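Colleague: Here you go, this is run.cif (mmCIF, C-alpha atoms and all ligand atoms).
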data_query
loop_
_atom_site.group_PDB
_atom_site.id
_atom_site.type_symbol
_atom_site.label_atom_id
_atom_site.label_comp_id
_atom_site.auth_asym_id
_atom_site.auth_seq_id
_atom_site.Cartn_x
_atom_site.Cartn_y
_atom_site.Cartn_z
ATOM 1 C CA MET E 1 28.300 22.669 -59.084
ATOM 2 C CA GLY E 2 29.855 25.958 -58.022
ATOM 3 C CA ASP E 3 28.909 29.580 -58.330
ATOM 4 C CA ALA E 4 30.551 32.738 -59.697
ATOM 5 C CA THR E 5 32.886 33.092 -56.704
ATOM 6 C CA THR E 6 34.062 29.505 -57.042
ATOM 7 C CA HIS E 7 34.710 30.095 -60.752
ATOM 8 C CA ASP E 8 36.852 33.157 -59.953
ATOM 9 C CA LEU E 9 38.795 31.127 -57.446
ATOM 10 C CA LEU E 10 39.376 28.296 -59.916
ATOM 11 C CA GLN E 11 40.269 30.736 -62.692
ATOM 12 C CA THR E 12 42.835 32.397 -60.394
ATOM 13 C CA ARG E 13 44.316 29.016 -59.537
ATOM 14 C CA LEU E 14 44.466 28.075 -63.215
ATOM 15 C CA ASP E 15 46.157 31.377 -64.149
ATOM 16 C CA ALA E 16 48.741 30.942 -61.387
ATOM 17 C CA TYR E 17 49.466 27.356 -62.443
ATOM 18 C CA MET E 18 49.862 28.339 -66.084
ATOM 19 C CA ALA E 19 52.144 31.242 -65.222
ATOM 20 C CA LYS E 20 54.306 28.909 -63.135
ATOM 21 C CA LYS E 21 54.501 26.424 -65.995
ATOM 22 C CA GLY E 22 55.193 29.172 -68.517
ATOM 23 C CA LEU E 23 52.013 28.362 -70.462
ATOM 24 C CA ARG E 24 50.216 31.022 -72.440
ATOM 25 C CA SER E 25 46.531 31.587 -71.822
ATOM 26 C CA THR E 26 45.305 31.244 -75.396
ATOM 27 C CA GLY E 27 41.864 32.310 -76.536
ATOM 28 C CA GLN E 28 40.925 28.675 -77.133
ATOM 29 C CA ARG E 29 41.970 27.668 -73.617
ATOM 30 C CA ARG E 30 39.900 30.498 -72.154
ATOM 31 C CA THR E 31 36.890 29.452 -74.240
ATOM 32 C CA ILE E 32 37.241 25.853 -73.064
ATOM 33 C CA ALA E 33 37.640 26.994 -69.437
ATOM 34 C CA SER E 34 34.487 29.082 -69.595
ATOM 35 C CA ALA E 35 32.532 26.267 -71.287
ATOM 36 C CA PHE E 36 33.746 23.905 -68.568
ATOM 37 C CA PHE E 37 32.915 26.262 -65.670
ATOM 38 C CA ASN E 38 29.440 26.959 -67.025
ATOM 39 C CA GLY E 39 28.644 23.506 -68.373
ATOM 40 C CA PRO E 40 26.955 20.564 -66.644
ATOM 41 C CA SER E 41 28.849 18.553 -64.067
ATOM 42 C CA HIS E 42 30.427 15.184 -65.035
ATOM 43 C CA ILE E 43 30.988 16.336 -68.613
ATOM 44 C CA THR E 44 32.757 14.154 -71.197
ATOM 45 C CA ILE E 45 35.426 15.418 -73.596
ATOM 46 C CA GLU E 46 32.943 15.072 -76.495
ATOM 47 C CA GLU E 47 30.274 17.075 -74.661
ATOM 48 C CA LEU E 48 32.696 19.831 -73.749
ATOM 49 C CA LEU E 49 33.966 19.911 -77.339
ATOM 50 C CA VAL E 50 30.424 20.569 -78.599
ATOM 51 C CA ARG E 51 29.989 23.430 -76.097
ATOM 52 C CA ALA E 52 33.383 24.997 -76.811
ATOM 53 C CA ARG E 53 32.770 24.807 -80.576
ATOM 54 C CA GLN E 54 29.599 26.858 -80.171
ATOM 55 C CA GLU E 55 31.963 29.712 -79.226
ATOM 56 C CA ASP E 56 34.869 28.879 -81.507
ATOM 57 C CA SER E 57 34.373 26.324 -84.295
ATOM 58 C CA ARG E 58 38.149 25.938 -84.790
ATOM 59 C CA ILE E 59 38.600 24.173 -81.442
ATOM 60 C CA GLY E 60 39.594 20.532 -81.908
ATOM 61 C CA TYR E 61 39.265 17.386 -79.800
ATOM 62 C CA ALA E 62 42.985 17.279 -78.949
ATOM 63 C CA THR E 63 42.912 20.826 -77.559
ATOM 64 C CA VAL E 64 39.926 20.043 -75.331
ATOM 65 C CA TYR E 65 41.612 16.828 -74.189
ATOM 66 C CA ARG E 66 44.894 18.577 -73.351
ATOM 67 C CA THR E 67 43.136 21.464 -71.642
ATOM 68 C CA LEU E 68 41.134 19.100 -69.412
ATOM 69 C CA LYS E 69 44.368 17.275 -68.520
ATOM 70 C CA LEU E 70 45.848 20.643 -67.582
ATOM 71 C CA PHE E 71 42.813 21.448 -65.404
ATOM 72 C CA THR E 72 43.186 18.087 -63.658
ATOM 73 C CA GLU E 73 46.941 18.605 -63.101
ATOM 74 C CA CYS E 74 46.429 21.994 -61.521
ATOM 75 C CA GLY E 75 43.620 20.687 -59.332
ATOM 76 C CA ILE E 76 40.631 22.634 -60.639
ATOM 77 C CA ALA E 77 39.045 19.567 -62.225
ATOM 78 C CA SER E 78 38.613 15.970 -61.121
ATOM 79 C CA GLU E 79 38.573 13.085 -63.525
ATOM 80 C CA HIS E 80 36.214 10.126 -63.092
ATOM 81 C CA ASN E 81 35.850 6.789 -64.736
ATOM 82 C CA PHE E 82 32.430 5.546 -63.789
ATOM 83 C CA GLY E 83 32.478 1.887 -64.770
ATOM 84 C CA ASP E 84 32.557 1.396 -68.523
ATOM 85 C CA GLY E 85 31.399 4.910 -69.405
ATOM 86 C CA PRO E 86 33.651 7.549 -70.986
ATOM 87 C CA THR E 87 35.963 9.592 -68.769
ATOM 88 C CA ARG E 88 34.074 12.439 -67.127
ATOM 89 C CA PHE E 89 35.299 15.687 -65.662
ATOM 90 C CA GLU E 90 33.865 17.959 -63.018
ATOM 91 C CA LEU E 91 34.948 21.041 -61.122
ATOM 92 C CA ALA E 92 37.123 20.117 -58.155
ATOM 93 C CA ASP E 93 35.544 20.331 -54.715
ATOM 94 C CA GLU E 94 36.679 23.358 -52.782
ATOM 95 C CA GLY E 95 38.077 22.010 -49.535
ATOM 96 C CA ASP E 96 36.986 18.987 -47.516
ATOM 97 C CA ASP E 97 33.636 20.493 -46.524
ATOM 98 C CA HIS E 98 32.419 20.366 -50.096
ATOM 99 C CA HIS E 99 33.648 16.908 -50.936
ATOM 100 C CA HIS E 100 31.053 14.709 -52.593
ATOM 101 C CA ASP E 101 30.736 11.127 -53.784
ATOM 102 C CA HIS E 102 28.695 9.465 -56.491
ATOM 103 C CA LEU E 103 25.892 6.994 -57.148
ATOM 104 C CA ILE E 104 25.919 5.780 -60.748
ATOM 105 C CA CYS E 105 22.864 4.266 -62.442
ATOM 106 C CA LEU E 106 23.876 1.388 -64.720
ATOM 107 C CA GLU E 107 20.705 1.711 -66.753
ATOM 108 C CA CYS E 108 20.382 5.410 -67.674
ATOM 109 C CA ARG E 109 23.961 6.358 -66.641
ATOM 110 C CA SER E 110 22.669 9.205 -64.489
ATOM 111 C CA ILE E 111 25.047 10.321 -61.751
ATOM 112 C CA ILE E 112 23.769 11.384 -58.345
ATOM 113 C CA GLU E 113 26.016 13.275 -55.950
ATOM 114 C CA PHE E 114 25.917 12.849 -52.209
ATOM 115 C CA HIS E 115 27.814 13.947 -49.159
ATOM 116 C CA ASP E 116 27.721 12.042 -45.929
ATOM 117 C CA GLU E 117 29.552 13.236 -42.847
ATOM 118 C CA THR E 118 29.455 9.766 -41.232
ATOM 119 C CA ILE E 119 31.278 8.196 -44.194
ATOM 120 C CA GLU E 120 33.830 11.019 -44.279
ATOM 121 C CA THR E 121 34.548 10.750 -40.541
ATOM 122 C CA GLN E 122 34.548 6.967 -40.599
ATOM 123 C CA GLN E 123 37.161 6.679 -43.319
ATOM 124 C CA GLU E 124 39.419 9.154 -41.510
ATOM 125 C CA LYS E 125 39.152 6.897 -38.454
ATOM 126 C CA ILE E 126 39.962 3.776 -40.474
ATOM 127 C CA ALA E 127 42.958 5.443 -42.115
ATOM 128 C CA LYS E 128 44.223 6.678 -38.765
ATOM 129 C CA ARG E 129 43.892 3.237 -37.240
ATOM 130 C CA LEU E 130 45.960 1.791 -40.105
ATOM 131 C CA GLY E 131 48.532 4.581 -39.888
ATOM 132 C CA PHE E 132 47.537 5.793 -43.318
ATOM 133 C CA GLU E 133 47.630 9.412 -44.426
ATOM 134 C CA VAL E 134 44.691 10.122 -46.752
ATOM 135 C CA THR E 135 45.319 12.434 -49.697
ATOM 136 C CA SER E 136 42.066 11.742 -51.539
ATOM 137 C CA HIS E 137 39.308 9.189 -51.841
ATOM 138 C CA LYS E 138 36.446 8.192 -54.119
ATOM 139 C CA HIS E 139 33.238 6.363 -53.361
ATOM 140 C CA GLU E 140 31.366 5.080 -56.342
ATOM 141 C CA ILE E 141 28.146 3.207 -55.753
ATOM 142 C CA TYR E 142 26.688 1.388 -58.752
ATOM 143 C CA GLY E 143 23.103 0.302 -59.175
ATOM 144 C CA ILE E 144 19.683 1.278 -60.504
ATOM 145 C CA CYS E 145 18.293 4.758 -59.840
ATOM 146 C CA ALA E 146 14.769 5.398 -58.514
ATOM 147 C CA ASN E 147 13.475 6.456 -61.961
ATOM 148 C CA CYS E 148 14.750 3.314 -63.666
ATOM 149 C CA GLN E 149 13.357 1.145 -60.868
ATOM 150 C CA SER E 150 9.872 2.556 -61.317
ATOM 151 C CA ALA E 151 10.180 2.236 -65.109
ATOM 152 C CA ARG E 152 11.031 -1.430 -64.578
ATOM 153 C CA ALA E 153 8.107 -1.935 -62.241
ATOM 154 C CA LYS E 154 5.729 -0.434 -64.830
ATOM 155 C CA LYS E 155 7.046 -2.752 -67.571
ATOM 156 C CA LYS E 156 6.386 -5.799 -65.413
ATOM 157 C CA ARG E 157 2.700 -4.968 -64.947
HETATM 158 ZN ZN ZN N 201 18.594 5.292 -64.097
HETATM 159 ZN ZN ZN N 202 30.330 14.872 -58.935
#
Written as structure tokens, that's how I'd like the structure from this file.

Modeller:
Amino acid sequence: MGDATTHDLLQTRLDAYMAKKGLRSTGQRRTIASAFFNGPSHITIEELLVRARQEDSRIGYATVYRTLKLFTECGIASEHNFGDGPTRFELADEGDDHHHDHLICLECRSIIEFHDETIETQQEKIAKRLGFEVTSHKHEIYGICANCQSARAKKKR
């Protein structure tokens, strides 16, 4: 997810948020931010810790945890709990146009992203009809991915 321009935008937002909160941008926080921006989407705290430690071996779990919480608070990261898996983090979508939802495979835990204009429009309509103002939403669809289905089919033969 995201490109260099998006990263700049998120970094700027993070800097502004931290300045407002009177938080210092420490070297460790910057290392974690860069590992997060350049890492895979839907990353766990453990996975990000491994990546950040490749740059700075002194970084601890608690620092990564707190930094991700900070990212979520300032809106540059979204937090997901996909079923019984560990909490995962990804870069926040930039604006409504880029919003995406998730399909989660219960077998291999792979996560597939999708965007569907019909769903987006439909839920706005539903909310409007019920006099509800939408601030955010999540669709999580659980099941078996195409790869795991074909693996199953092969086993049966
Ligand atoms: Zn699968
Ligand atoms: Zn995602």

Colleague: With all atoms listed in the file counted, collect every polymer residue having an atom within 10 Å of ligand ZN 202 (chain N); state the result as a list of chain:residue names.

Modeller: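 The residues within 10 Å of ligand ZN 202 (chain N), counting all atoms listed in the file, are E:Met1, E:Ser41, E:His42, E:Ile43, E:Ser78, E:Glu79, E:His80, E:Arg88, E:Phe89, E:Glu90, E:Leu91, E:Ala92, E:Asp93, E:His99, E:His100, E:Asp101, E:His102, E:Leu103, E:Ile111, E:Ile112, E:Glu113, E:Phe114.
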
Colleague: Counting only C-alpha atoms and all ligand atoms, which residue out of E:Arg152, E:Leu106, E:Gly131, E:Lys125 sits closest to ligand ZN 201 (chain N)?

Modeller: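 Distance minimum relative to ligand ZN 201 (chain N) lands on E:Leu106.
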
Colleague: What does the list of residues within 10 Å of ligand ZN 201 (chain N) look like if you count all atoms listed in the file, written as a ChimeraX atom specification?

Modeller: /E:104-112,143-151

Colleague: Go ahead and compute the interatomic distance for CA of Lys138 in chain E and CA of Thr6 in chain E, in Å to one decimal.

Modeller: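 One can read the CA of Lys138 in chain E to CA of Thr6 in chain E distance as 21.6 Å.
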
Colleague: The PyMOL selection byres (((chain E and resi 12-24) around 8) and not hetatm) on the file shown: which residues, as a ChimeraX atom specification?

Modeller: /E:8-11,25-26,71,74,76

Colleague: Let me know the centre plus edge lengths, in Å and rounded to one decimal, of a box with edges along x, y and z that contains all listed atoms of range 21-33 of chain E and is padded by 3 Å on every side, as lines of an AutoDock Vina configuration file.

Modeller:
center_x = 46.0
center_y = 29.1
center_z = -71.6
size_x = 24.3
size_y = 12.5
size_z = 17.1

Colleague: What is the CA of Ile59 in chain E to CA of His7 in chain E distance in Å?

Modeller: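 That distance, rounded to one decimal, is 21.9 Å.
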
Colleague: Quote the spacing between CA of Ile126 in chain E and CA of Glu140 in chain E in Å to one decimal place.

Modeller: 18.1 Å

Colleague: Carefully work through the PyMOL selection byres (((chain E and resi 28) around 9) and not hetatm) for this structure and note down the residues it includes, as number ranges by chain.

Modeller: E: 25-27, 29-33, 52, 56, 58-59, 63-64

Colleague: Using all atoms listed in the file, which of the listed residues (E:Lys155, E:Glu120, E:Phe82, E:Ala127) sits closest to Ile141 in chain E?

Modeller: E:Phe82

Colleague: With distances taken over only C-alpha atoms, which residue among E:Ala77, E:Ile119, E:Leu68, E:Ala35 lies nearest Gln54 in chain E?

Modeller: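 Checking each of E:Ala77, E:Ile119, E:Leu68, E:Ala35 against Gln54 in chain E, counting only C-alpha atoms, the winner is E:Ala35.
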